[in-house]
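The file protein33.txt comes next; it holds compact mmCIF, C-alpha atoms and all ligand atoms.
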```
# COMPACT_ATOMS: atom_id res chain seq x y z
CA MET A 15 8.74 -7.86 -28.90
CA SER A 16 11.34 -6.48 -31.25
CA THR A 17 8.56 -4.89 -33.27
CA MET A 18 8.24 -2.04 -30.78
CA ASN A 19 9.71 0.95 -32.55
CA GLN A 20 11.64 3.90 -31.27
CA LYS A 21 8.69 6.24 -31.64
CA THR A 22 6.42 4.53 -29.14
CA ALA A 23 9.18 3.35 -26.79
CA LYS A 24 9.17 5.47 -23.62
CA THR A 25 11.60 6.18 -20.82
CA LEU A 26 11.12 4.14 -17.67
CA SER A 27 11.75 4.85 -13.98
CA VAL A 28 11.95 1.95 -11.56
CA VAL A 29 11.50 2.85 -7.89
CA ILE A 30 12.75 0.55 -5.15
CA PRO A 31 12.28 1.29 -1.42
CA CYS A 32 15.05 -0.31 0.63
CA TYR A 33 15.11 -0.77 4.37
CA ASN A 34 17.96 -2.89 5.74
CA GLU A 35 18.33 -4.78 2.48
CA GLU A 36 22.14 -5.13 2.34
CA LEU A 37 21.80 -8.82 1.47
CA VAL A 38 19.72 -8.26 -1.65
CA ILE A 39 20.87 -4.90 -3.01
CA TRP A 40 23.46 -6.18 -5.47
CA GLU A 41 21.29 -9.04 -6.63
CA VAL A 42 18.34 -6.79 -7.42
CA TYR A 43 20.67 -4.29 -9.09
CA GLY A 44 22.23 -6.96 -11.32
CA ARG A 45 18.98 -8.61 -12.29
CA LEU A 46 17.16 -5.37 -13.01
CA THR A 47 20.01 -3.78 -14.93
CA SER A 48 20.49 -6.69 -17.29
CA LEU A 49 16.74 -6.95 -17.79
CA LEU A 50 16.33 -3.24 -18.53
CA ASP A 51 19.37 -3.26 -20.82
CA SER A 52 17.71 -6.05 -22.78
CA PHE A 53 14.53 -3.95 -22.95
CA MET A 54 16.57 -1.13 -24.47
CA GLN A 55 18.18 -3.48 -26.92
CA LYS A 56 14.85 -4.64 -28.25
CA GLU A 57 13.57 -1.06 -28.12
CA LEU A 58 10.80 -1.80 -25.67
CA ILE A 59 11.99 1.27 -23.75
CA LYS A 60 13.97 4.32 -24.82
CA ASP A 61 15.98 4.73 -21.64
CA TYR A 62 15.67 4.00 -17.94
CA GLU A 63 16.67 5.05 -14.44
CA ILE A 64 16.51 2.99 -11.26
CA ILE A 65 15.74 5.01 -8.15
CA TYR A 66 16.72 3.35 -4.90
CA VAL A 67 15.25 4.96 -1.81
CA ASP A 68 17.15 4.17 1.36
CA ASP A 69 14.57 4.39 4.13
CA GLY A 70 16.99 5.08 6.97
CA SER A 71 18.58 1.63 6.98
CA SER A 72 20.80 0.82 9.94
CA ASP A 73 22.87 -1.74 8.00
CA ALA A 74 25.19 -1.28 5.00
CA THR A 75 22.37 -0.69 2.51
CA LEU A 76 23.21 2.97 1.89
CA ARG A 77 26.92 2.27 1.56
CA GLU A 78 26.26 -0.39 -1.07
CA LEU A 79 23.81 1.88 -2.87
CA LYS A 80 26.44 4.61 -3.05
CA LEU A 81 28.90 2.15 -4.57
CA ILE A 82 26.32 1.21 -7.18
CA SER A 83 25.60 4.85 -7.98
CA GLU A 84 29.30 5.54 -8.46
CA LYS A 85 29.65 2.81 -11.03
CA ASP A 86 26.34 3.33 -12.83
CA ARG A 87 24.87 6.71 -13.80
CA LYS A 88 21.44 5.14 -14.31
CA ALA A 89 21.33 4.10 -10.66
CA LYS A 90 20.00 7.03 -8.64
CA VAL A 91 19.85 7.03 -4.88
CA ILE A 92 17.69 8.95 -2.43
CA SER A 93 18.73 8.73 1.18
CA LEU A 94 16.01 9.64 3.68
CA SER A 95 16.95 11.20 7.00
CA GLY A 96 15.56 8.21 8.90
CA ASN A 97 13.01 5.43 8.72
CA PHE A 98 9.74 6.82 7.39
CA GLY A 99 8.16 3.55 6.29
CA HIS A 100 7.50 1.72 3.06
CA GLN A 101 4.76 3.98 1.68
CA PRO A 102 6.54 7.29 2.34
CA ALA A 103 9.75 5.85 0.85
CA LEU A 104 7.84 4.81 -2.24
CA THR A 105 6.29 8.26 -2.44
CA ALA A 106 9.74 9.86 -2.30
CA GLY A 107 10.93 7.73 -5.21
CA LEU A 108 7.83 8.23 -7.34
CA THR A 109 7.95 11.98 -6.79
CA ALA A 110 11.56 12.10 -7.98
CA ALA A 111 10.96 9.85 -11.00
CA THR A 112 11.61 11.53 -14.35
CA GLY A 113 10.50 8.74 -16.70
CA GLU A 114 7.48 8.74 -18.98
CA MET A 115 6.31 5.75 -16.96
CA ALA A 116 7.32 4.35 -13.58
CA VAL A 117 7.30 0.93 -11.97
CA SER A 118 7.53 0.38 -8.22
CA LEU A 119 9.12 -2.79 -6.95
CA ASP A 120 10.16 -4.32 -3.63
CA ALA A 121 13.87 -4.73 -3.03
CA ASP A 122 13.67 -8.36 -1.95
CA LEU A 123 12.89 -9.73 -5.45
CA GLN A 124 9.56 -11.16 -4.33
CA ASP A 125 8.11 -9.36 -7.32
CA PRO A 126 10.03 -10.88 -10.25
CA PRO A 127 11.28 -7.96 -12.42
CA GLU A 128 10.58 -9.98 -15.57
CA ALA A 129 6.88 -9.10 -15.27
CA ILE A 130 7.76 -5.47 -16.06
CA GLU A 131 7.84 -6.37 -19.75
CA GLU A 132 4.18 -7.34 -19.77
CA MET A 133 3.32 -4.25 -17.71
CA ILE A 134 4.97 -2.01 -20.30
CA LEU A 135 3.14 -3.74 -23.15
CA LYS A 136 -0.13 -3.27 -21.27
CA HIS A 137 0.69 0.39 -20.80
CA TYR A 138 1.44 0.76 -24.51
CA GLU A 139 -2.03 -0.67 -25.12
CA GLY A 140 -3.36 2.38 -23.31
CA PHE A 141 -3.65 1.57 -19.59
CA ASP A 142 -2.47 4.37 -17.29
CA ILE A 143 -2.05 2.10 -14.28
CA VAL A 144 -1.05 -1.54 -14.61
CA TYR A 145 -1.36 -3.57 -11.41
CA GLY A 146 0.78 -6.60 -10.71
CA VAL A 147 -1.48 -9.28 -9.26
CA ARG A 148 -0.01 -12.42 -7.75
CA LYS A 149 -1.15 -15.69 -9.22
CA SER A 150 -1.23 -17.86 -6.13
CA ARG A 151 -0.23 -17.80 -2.51
CA GLU A 152 1.31 -21.23 -2.21
CA GLU A 153 4.60 -19.63 -1.11
CA ASP A 154 2.89 -18.07 1.91
CA THR A 155 2.40 -19.59 5.32
CA PHE A 156 -1.15 -20.60 6.20
CA PHE A 157 -1.30 -17.69 8.63
CA LYS A 158 -0.30 -15.10 6.02
CA ARG A 159 -2.74 -16.56 3.50
CA PHE A 160 -5.58 -16.52 6.02
CA THR A 161 -4.92 -12.96 7.22
CA ALA A 162 -4.55 -11.71 3.65
CA ARG A 163 -7.88 -13.22 2.61
CA PHE A 164 -9.53 -11.74 5.67
CA PHE A 165 -7.95 -8.35 4.94
CA TYR A 166 -9.37 -8.11 1.41
CA MET A 167 -12.78 -9.38 2.53
CA PHE A 168 -12.93 -6.87 5.35
CA MET A 169 -11.78 -4.00 3.14
CA ARG A 170 -14.47 -4.79 0.59
CA LEU A 171 -17.04 -4.88 3.39
CA MET A 172 -15.86 -1.43 4.47
CA GLY A 173 -16.29 -0.17 0.92
CA VAL A 174 -12.59 0.35 0.22
CA ASN A 175 -11.76 -0.16 -3.44
CA LEU A 176 -8.68 -2.38 -3.68
CA ILE A 177 -7.24 -4.61 -6.38
CA TYR A 178 -7.35 -8.15 -5.04
CA ASP A 179 -3.92 -9.66 -4.29
CA HIS A 180 -2.08 -6.62 -5.56
CA ALA A 181 0.71 -5.23 -3.41
CA ASP A 182 2.93 -2.35 -4.48
CA TYR A 183 4.16 -3.80 -7.76
CA ARG A 184 2.66 -1.60 -10.45
CA LEU A 185 3.32 0.57 -13.47
CA ILE A 186 2.08 4.16 -13.59
CA SER A 187 1.97 6.43 -16.62
CA ARG A 188 3.37 9.96 -16.52
CA LEU A 189 -0.21 11.24 -16.50
CA ALA A 190 -1.10 9.18 -13.41
CA LEU A 191 2.20 10.07 -11.78
CA ASN A 192 1.52 13.79 -12.12
CA GLU A 193 -1.97 13.33 -10.72
CA PHE A 194 -0.51 11.25 -7.89
CA LYS A 195 1.43 14.30 -6.75
CA ARG A 196 -1.87 16.04 -6.09
CA TYR A 197 -2.73 13.50 -3.41
CA LYS A 198 -1.35 15.41 -0.46
CA GLU A 199 -2.52 13.12 2.34
CA VAL A 200 -0.06 12.43 5.11
CA ASN A 201 -1.70 9.07 5.86
CA ARG A 202 -0.50 7.18 2.82
CA PHE A 203 -2.09 4.01 1.63
CA LEU A 204 -0.94 3.73 -1.97
CA ARG A 205 -2.94 0.59 -2.70
CA GLY A 206 -6.04 2.66 -2.06
CA ILE A 207 -4.83 5.86 -3.69
CA PHE A 208 -4.18 4.40 -7.14
CA PRO A 209 -7.55 2.66 -7.55
CA ASN A 210 -9.04 5.92 -6.25
CA MET A 211 -7.76 7.63 -9.42
CA ARG A 212 -10.37 5.65 -11.37
CA PHE A 213 -8.16 4.91 -14.37
CA THR A 214 -9.25 1.67 -16.04
CA PRO A 215 -6.98 -0.89 -14.39
CA GLY A 216 -4.64 -3.02 -16.45
CA ILE A 217 -3.76 -6.32 -14.79
CA VAL A 218 -0.64 -8.41 -15.14
CA HIS A 219 -0.44 -11.72 -13.28
CA TYR A 220 2.85 -12.84 -11.84
CA LYS A 221 4.14 -15.50 -9.50
CA ARG A 222 5.35 -13.99 -6.25
CA GLU A 223 8.65 -15.49 -5.19
CA LYS A 224 10.13 -16.09 -1.77
CA ARG A 225 12.18 -13.24 -0.35
CA PHE A 226 15.66 -13.54 -1.89
CA ALA A 227 17.48 -12.90 1.40
CA GLY A 228 17.01 -11.10 4.71
CA GLU A 229 13.73 -11.01 6.58
CA THR A 230 10.38 -9.33 6.30
CA LYS A 231 10.04 -5.75 7.53
CA TYR A 232 6.33 -6.29 8.01
CA PRO A 233 5.75 -8.18 11.26
CA LEU A 234 2.15 -8.78 12.38
CA ARG A 235 2.06 -5.53 14.35
CA LYS A 236 2.93 -3.48 11.26
CA MET A 237 0.54 -5.51 9.11
CA LEU A 238 -2.32 -4.72 11.47
CA SER A 239 -1.60 -1.01 11.60
CA PHE A 240 -1.32 -1.06 7.80
CA ALA A 241 -4.83 -2.54 7.61
CA VAL A 242 -6.24 0.05 10.03
CA GLU A 243 -4.51 2.74 7.96
CA GLY A 244 -6.18 1.40 4.82
CA ILE A 245 -9.64 1.34 6.33
CA THR A 246 -9.57 4.69 8.11
CA SER A 247 -7.95 6.44 5.15
CA PHE A 248 -10.54 5.27 2.65
CA SER A 249 -13.75 4.44 4.45
CA ASN A 250 -16.18 6.17 6.78
CA PHE A 251 -18.14 2.98 7.22
CA PRO A 252 -16.97 2.33 10.82
CA LEU A 253 -18.35 5.75 11.78
CA ARG A 254 -21.62 5.03 10.07
CA LEU A 255 -21.75 1.72 11.91
CA ALA A 256 -22.02 3.68 15.18
CA PHE A 257 -25.13 5.36 13.86
CA ILE A 258 -26.64 2.11 12.57
CA LEU A 259 -26.02 0.24 15.83
CA GLY A 260 -27.19 3.19 17.87
CA PHE A 261 -30.37 3.36 15.84
CA PHE A 262 -31.16 -0.32 16.33
CA ASN A 263 -30.43 0.01 20.03
CA PHE A 264 -32.85 2.88 20.18
CA VAL A 265 -35.57 0.89 18.41
CA ALA A 266 -34.97 -2.08 20.70
CA ALA A 267 -35.12 0.17 23.77
CA LEU A 268 -38.37 1.62 22.51
CA GLY A 269 -39.77 -1.90 22.22
CA LEU A 270 -38.62 -2.55 25.76
CA VAL A 271 -40.54 0.49 27.00
CA PHE A 272 -43.76 -0.80 25.48
CA TRP A 273 -43.10 -4.24 26.86
CA THR A 274 -42.52 -2.81 30.36
CA ILE A 275 -45.77 -0.84 30.25
CA PHE A 276 -47.58 -3.92 29.01
CA THR A 277 -46.29 -6.18 31.82
CA LYS A 278 -46.97 -3.43 34.35
CA ILE A 279 -50.60 -3.33 33.21
CA GLN A 280 -50.73 -7.12 33.39
CA GLY A 281 -49.45 -6.80 36.93
CA ASN A 282 -46.63 -9.34 36.73
CA ALA A 283 -43.49 -7.17 36.42
CA ILE A 284 -40.48 -8.98 37.93
CA PRO A 285 -37.86 -6.79 39.61
CA GLY A 286 -34.86 -7.80 37.46
CA TRP A 287 -31.16 -7.47 38.12
CA ALA A 288 -30.04 -8.94 34.82
CA SER A 289 -32.24 -6.67 32.76
CA ILE A 290 -30.49 -3.67 34.25
CA VAL A 291 -26.89 -4.79 34.62
CA LEU A 292 -26.42 -6.67 31.34
CA PRO A 293 -27.44 -3.79 29.06
CA LEU A 294 -25.28 -1.52 31.19
CA TYR A 295 -22.18 -3.54 30.38
CA MET A 296 -23.17 -4.11 26.81
CA PHE A 297 -23.89 -0.51 25.92
CA GLY A 298 -20.89 0.61 27.95
CA GLY A 299 -18.73 -1.69 25.81
CA ILE A 300 -20.29 -0.54 22.56
CA GLN A 301 -19.83 3.09 23.52
CA LEU A 302 -16.19 2.61 24.45
CA MET A 303 -15.57 0.75 21.22
CA PHE A 304 -16.96 3.56 19.12
CA ILE A 305 -15.13 6.21 21.10
CA GLY A 306 -12.06 4.20 20.13
CA ILE A 307 -13.02 4.21 16.45
CA LEU A 308 -13.80 7.90 16.65
CA SER A 309 -10.38 8.58 18.18
CA GLU A 310 -8.77 6.71 15.32
CA TYR A 311 -10.30 9.17 12.87
CA VAL A 312 -9.66 12.19 15.07
CA GLY A 313 -6.01 11.12 15.23
CA LYS A 314 -5.97 10.90 11.44
CA ILE A 315 -7.43 14.38 11.14
CA TYR A 316 -4.87 15.65 13.63
CA LEU A 317 -2.03 14.37 11.47
CA GLU A 318 -3.57 15.69 8.26
CA VAL A 319 -4.16 19.13 9.74
CA LYS A 320 -0.55 19.42 10.78
CA SER A 321 0.39 18.20 7.28
CA ARG A 322 3.94 17.41 8.20
CA PRO A 323 6.22 16.33 5.37
CA VAL A 324 5.74 12.68 4.42
CA TYR A 325 9.51 12.12 4.18
CA ILE A 326 12.74 14.09 4.49
CA ILE A 327 15.60 13.66 2.03
CA LYS A 328 19.08 13.85 3.47
CA GLU A 329 21.15 13.22 0.36
CA SER A 330 20.66 12.17 -3.22
CA PHE A 331 23.06 10.78 -5.82
CA ASN A 332 23.11 10.87 -9.63
CA PHE A 333 20.12 13.16 -9.99
CA ASP A 334 20.54 16.01 -12.49
CA LYS A 335 19.54 18.52 -9.83
CA PRO A 336 19.91 17.81 -6.13
CA LEU A 337 16.48 16.88 -4.70
N1 LIG B 1 10.50 -1.18 3.40
C1 LIG B 1 10.84 0.16 3.59
N2 LIG B 1 10.65 0.75 4.81
C2 LIG B 1 10.11 0.07 5.88
C3 LIG B 1 9.75 -1.29 5.68
C4 LIG B 1 9.95 -1.88 4.44
O1 LIG B 1 11.31 0.82 2.65
O2 LIG B 1 9.98 0.66 6.95
C5 LIG B 1 10.73 -1.82 2.09
C6 LIG B 1 11.53 -3.10 2.12
O3 LIG B 1 12.91 -2.85 2.04
C7 LIG B 1 11.00 -3.83 0.87
C8 LIG B 1 9.55 -3.39 0.81
O4 LIG B 1 9.47 -2.20 1.59
O5 LIG B 1 11.67 -3.40 -0.30
C9 LIG B 1 8.60 -4.44 1.32
O6 LIG B 1 9.02 -4.90 2.60
P1 LIG B 1 9.07 -6.44 2.97
O7 LIG B 1 9.59 -7.23 1.81
O8 LIG B 1 9.84 -6.59 4.24
O9 LIG B 1 7.54 -6.78 3.22
P2 LIG B 1 6.77 -8.16 2.89
O10 LIG B 1 7.10 -8.50 1.47
O11 LIG B 1 7.30 -9.16 3.85
O12 LIG B 1 5.33 -7.83 3.10
MG MG B 2 8.91 -8.73 0.75
```
Could I get this file's structure written as structure tokens?
Amino acid sequence: MSTMNQKTAKTLSVVIPCYNEELVIWEVYGRLTSLLDSFMQKELIKDYEIIYVDDGSSDATLRELKLISEKDRKAKVISLSGNFGHQPALTAGLTAATGEMAVSLDADLQDPPEAIEEMILKHYEGFDIVYGVRKSREEDTFFKRFTARFFYMFMRLMGVNLIYDHADYRLISRLALNEFKRYKEVNRFLRGIFPNMRFTPGIVHYKREKRFAGETKYPLRKMLSFAVEGITSFSNFPLRLAFILGFFNFVAALGLVFWTIFTKIQGNAIPGWASIVLPLYMFGGIQLMFIGILSEYVGKIYLEVKSRPVYIIKESFNFDKPL
């Protein structure tokens, strides 16, 4: 695409959250840098910065990042005071980004950086948010594939607007980035926040690779809490479900009353144990379940009301002003 001229070419920020990624840091740095340099050469972009956010790693990640920042001015580093999680780390990087457009990318090279080119072209066509969508899931284990499918199905059922098979690989325009900063929620589910902005989505398909090195930071436990986060942050449907179920229970109970009167009149009412005890357990269970759901939302509200900072920056390197 050497036809892209200097006038339309924009500056690009690439944001990479890193948590215990010492094994991949240099690889992702090398691959990205040569790719972005080639973009500059063919004037696809005017300039770039790569923002690495160290999310409180306990390995040598931060040390390696510092080395990179010393040798390359375009490599900027944000060091958080501890482990805040993937979404807060991403938020820290996006907030600090100075480019006219920004791409977020995982450190492990599962999202091949080469797809950024198509994302930029899509953006130049006029899309404010371009979502990276994975082509297939053949790399995944059966379990991951199954749970992922279930996750998207369930989210749709709950009325949460998500882009199917899109993780956190996306390009955002400066306009969307500025608007993003107005989303103040402490409970961060970026995959829900961006579609919530309603910009017409641009889609770029890419083949998701295997993790380059190291292991996943999303074990099943974290995956589950991520899903709960997504639902309770973007849908009130579970709360409404309590009303719907309660209503049907009420109607059924009403029917039962009429039936009881009817059998009483007929004179053949049977003194029943089951008819008393079974509903007792059932409704007890339903009530407990919904108290649980309710607590989930109350907990969310609790966190939002306190509105604690989403992340805390300890140090930053190569930024014009200290963050
Ligand atoms: N990550 C992070 N903080 C965390 C967990 C993960 O910054 O607490 C980063 C991690 O370094 C990676 C990205 O988030 O760049 C996605 O994590 P991972 O690749 O382990 O997740 P998976 O691809 O297995 O879902
Ligand atoms: Mg990964």
>> Could you list, as JSON, numbers by chain, all residues that come within 8 Å of ligand MG 2 (chain B)? Count all atoms listed in the file.
In response: {"A": [120, 121, 122, 123, 124, 224, 225, 229, 230, 231]}
> Counting only C-alpha atoms, what is within 12 Å of Met237 in chain A, bar same-chain residues fewer than 6 positions away, as number ranges by chain?
Replying inline: A: 100, 158, 161-162, 165, 230-231, 243-244
>> Between A:Gly313, A:Pro252, A:Gly228, A:Gly173, which residue has the minimum interatomic distance to ligand LIG 1 (chain B), considering only C-alpha atoms and all ligand atoms?
In response: A:Gly228
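Candidate residues A:Arg148, A:Phe261, A:Ile245, A:Thr112 were compared for distance to Asn192 in chain A, and the nearest is A:Thr112, using only C-alpha atoms.
Note that CA of Val218 in chain A and CA of Val144 in chain A are 6.9 Å apart.
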> Taking into account only C-alpha atoms and all ligand atoms, which residue in the set A:Lys85, A:Arg184, A:Arg151, A:Lys236 is nearest to ligand LIG 1 (chain B)?
Replying inline: A:Lys236
>> For ligand LIG 1 (chain B), return the neighbouring residues as a ChimeraX atom specification (distance at most 10 Å; all atoms listed in the file).
In response: /A:29-36,38-39,66-71,75,96-104,118-125,158,181-182,222-234,236-237
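One finds CA of Phe240 in chain A at 24.8 Å from CA of Pro127 in chain A.
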Contacts of Leu185 in chain A within 9 Å, only C-alpha atoms, excl. fewer than 6 positions in-chain, as a compact mmCIF listing (two decimals) with C-alpha atoms, keeping the file's coordinate frame:
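File produced: around23.txt:
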```txt
# COMPACT_ATOMS: atom_id res chain seq x y z
CA VAL A 28 11.95 1.95 -11.56
CA MET A 115 6.31 5.75 -16.96
CA ALA A 116 7.32 4.35 -13.58
CA VAL A 117 7.30 0.93 -11.97
CA SER A 118 7.53 0.38 -8.22
CA ILE A 130 7.76 -5.47 -16.06
CA MET A 133 3.32 -4.25 -17.71
CA ILE A 134 4.97 -2.01 -20.30
CA HIS A 137 0.69 0.39 -20.80
CA ASP A 142 -2.47 4.37 -17.29
CA ILE A 143 -2.05 2.10 -14.28
CA VAL A 144 -1.05 -1.54 -14.61
CA TYR A 145 -1.36 -3.57 -11.41
CA GLY A 146 0.78 -6.60 -10.71
```
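When all atoms listed in the file are used to compute distances to Val174 in chain A, the closest of the residues A:Tyr197, A:Gly216, A:Phe203, A:Arg77 turns out to be A:Phe203.
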>> Which residues are near Asn210 in chain A? Cut-off 10 Å, only C-alpha atoms, ignore same chain within fewer than 6 positions. Put them as a list in words.
In response: Val174, Asn175, Leu176, Leu204 and Phe248 of chain A
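Here CA of Arg212 in chain A stands at a distance of 16.2 Å from CA of Ser249 in chain A.
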>> List as a PyMOL selection string the residues having at least one atom at most 6 Å from position (-6.7, 7.3, 7.3) as given in the file, counting only C-alpha atoms.
In response: chain A and resi 201+243+246-247+314
